[in-house]
Amino acid sequence: MSTPAPNLKPKDFKQQDSQPWYKNYMVIIFVIGMPAFVVIACIWFVYYSYQIRDSVVRDDWYMDGKTLYHDVSRDKLTYDLDLRGDMQFSDDGDIVFYLNYPEQSLQTGQLLNGAPLTYPDKLELSISHATDVKKDRDVILKHQEGNKYSAHVDIDPLTAKYYLQVSNAGKEDWRMRDVARLPRAQVTFAPLPVFDDT
């Protein structure tokens, strides 16, 4: 005699979630949290890239059509005239610059190109930080006596690489350039050796 099978009800696989969708941790983390994090990170990176953008190149570059040219005529004139200079920095920010003409020019009273030897009333000094445009300084070196010029400038006390340029915007349009780590006591300017082969 067979026994009757027990009365089994089929299982209900539909589970009723008592929590609303916005309280589910999977929705909070993957649907809302991660996209929100990506958006915030993108906004921060855009802001940061704007803050550290490259500064404008400070040199004698010009564009003709789509071709870039570097004008070195002022450097070449410094080389042709054999101009040199010594710059001294003091701790309080005073700068003294000595413009040194070659011995031949001092004896003849003429520059090597035949122009009369004179000391300009002022020279332009540009001190450009290698990476931070906020630390760039532009000052005027005023003629004191003989070959002596002076100015005052506040340089950041943290040692860093700087590009220095002393230039004359007068009839003889020359410039002297050097690269140095500042602050330091003295910088010597000499004609660029790149013209030795020309």
# chains A, B, ... in the order shown; residues from 1 in each chain; ligands from 1
call {"tool": "select_by_dssp", "arguments": {"residues": "range 100-154 of chain A", "states": "alpha helix (DSSP H)", "output": "list in words"}}
result
Glu103, Gln104, Ser105, Leu106, Gln107 and Thr108 of chain A
call {"tool": "residues_around", "arguments": {"residues": "Arg74 in chain A", "least_positions_apart": "4", "cutoff": "12 Å", "atoms": "only C-alpha atoms", "output": "VMD selection string"}}
result
chain A and resid 59 to 60 70 78 to 81 83 165 to 177 191 to 192
call {"tool": "select_by_dssp", "arguments": {"residues": "range 89-133 of chain A", "states": "strand (DSSP E or B)", "output": "number ranges by chain"}}
result
A: 89, 94-100, 110, 116, 122-129
call {"tool": "write_last_selection", "arguments": {"atoms": "C-alpha atoms", "output": "JSON list (two decimals), in the first residue's frame"}}
result
[["chain", "number", "residue", "atom", "x", "y", "z"],
["A", 89, "PHE", "CA", 74.00, 90.62, -6.16],
["A", 94, "ASP", "CA", 70.75, 95.63, -4.69],
["A", 95, "ILE", "CA", 72.28, 94.77, -8.06],
["A", 96, "VAL", "CA", 75.42, 96.33, -9.51],
["A", 97, "PHE", "CA", 76.26, 95.70, -13.17],
["A", 98, "TYR", "CA", 79.53, 96.62, -14.90],
["A", 99, "LEU", "CA", 79.42, 96.95, -18.70],
["A", 100, "ASN", "CA", 82.86, 96.03, -20.02],
["A", 110, "GLN", "CA", 84.93, 103.60, -30.82],
["A", 116, "PRO", "CA", 81.27, 106.00, -30.94],
["A", 122, "LYS", "CA", 69.80, 102.72, -18.85],
["A", 123, "LEU", "CA", 69.86, 99.00, -19.56],
["A", 124, "GLU", "CA", 67.01, 96.51, -19.27],
["A", 125, "LEU", "CA", 67.46, 93.52, -16.98],
["A", 126, "SER", "CA", 65.20, 90.48, -17.31],
["A", 127, "ILE", "CA", 65.42, 87.71, -14.71],
["A", 128, "SER", "CA", 63.21, 84.78, -15.76],
["A", 129, "HIS", "CA", 62.57, 81.75, -13.57]]
call {"tool": "atom_distance", "arguments": {"atom1": "CA of Asp121 in chain A", "atom2": "CA of Asp86 in chain A"}}
result
17.4 Å
call {"tool": "residues_around", "arguments": {"residues": "Leu158 in chain A", "least_positions_apart": "5", "cutoff": "12 Å", "atoms": "only C-alpha atoms", "output": "ChimeraX atom specification"}}
result
/A:129,135,181-184
call {"tool": "closest_residue", "arguments": {"among": "A:Ala160, A:Val179, A:Gly93, A:Tyr101", "to": "Val139 in chain A", "atoms": "only C-alpha atoms"}}
result
A:Gly93
call {"tool": "closest_atom_pairs", "arguments": {"of": "range 95-197 of chain A", "to": "range 44-52 of chain A", "cutoff": "12 Å", "atoms": "only C-alpha atoms", "output": "JSON lines"}}
result
{"residue": "A:Thr131", "atom": "CA", "partner": "A:Ile52", "partner_atom": "CA", "distance": 9.6}
{"residue": "A:Asp132", "atom": "CA", "partner": "A:Ile52", "partner_atom": "CA", "distance": 8.8}
{"residue": "A:Val133", "atom": "CA", "partner": "A:Ile52", "partner_atom": "CA", "distance": 10.0}
{"residue": "A:Lys134", "atom": "CA", "partner": "A:Ile52", "partner_atom": "CA", "distance": 11.2}
call {"tool": "write_last_selection", "arguments": {"atoms": "all heavy atoms", "output": "tab-separated table (two decimals), in the first residue's frame"}}
result
chain	number	residue	atom	x	y	z
A	131	THR	N	60.76	77.82	-14.42
A	131	THR	CA	59.46	77.14	-14.46
A	131	THR	C	58.30	77.98	-13.92
A	131	THR	O	57.15	77.70	-14.25
A	131	THR	CB	59.51	75.84	-13.64
A	131	THR	OG1	59.89	76.14	-12.29
A	131	THR	CG2	60.50	74.86	-14.25
A	132	ASP	N	58.56	78.99	-13.10
A	132	ASP	CA	57.48	79.72	-12.43
A	132	ASP	C	57.48	81.18	-12.89
A	132	ASP	O	58.34	81.97	-12.51
A	132	ASP	CB	57.67	79.64	-10.92
A	132	ASP	CG	56.46	80.17	-10.16
A	132	ASP	OD1	55.53	80.70	-10.80
A	132	ASP	OD2	56.43	80.04	-8.91
A	133	VAL	N	56.48	81.54	-13.70
A	133	VAL	CA	56.42	82.89	-14.24
A	133	VAL	C	56.18	83.92	-13.15
A	133	VAL	O	56.51	85.10	-13.31
A	133	VAL	CB	55.32	82.96	-15.33
A	133	VAL	CG1	53.94	82.83	-14.71
A	133	VAL	CG2	55.42	84.24	-16.15
A	134	LYS	N	55.64	83.50	-12.01
A	134	LYS	CA	55.39	84.45	-10.92
A	134	LYS	C	56.68	84.96	-10.29
A	134	LYS	O	56.66	85.96	-9.58
A	134	LYS	CB	54.52	83.78	-9.84
A	134	LYS	CG	53.13	83.40	-10.34
A	134	LYS	CD	52.37	82.66	-9.28
A	134	LYS	CE	51.02	82.20	-9.82
A	134	LYS	NZ	50.30	81.34	-8.87
call {"tool": "atom_distance", "arguments": {"atom1": "CA of Asp178 in chain A", "atom2": "CA of Tyr163 in chain A"}}
result
6.1 Å
call {"tool": "atom_distance", "arguments": {"atom1": "CA of Ala115 in chain A", "atom2": "CA of Phe195 in chain A"}}
result
21.2 Å
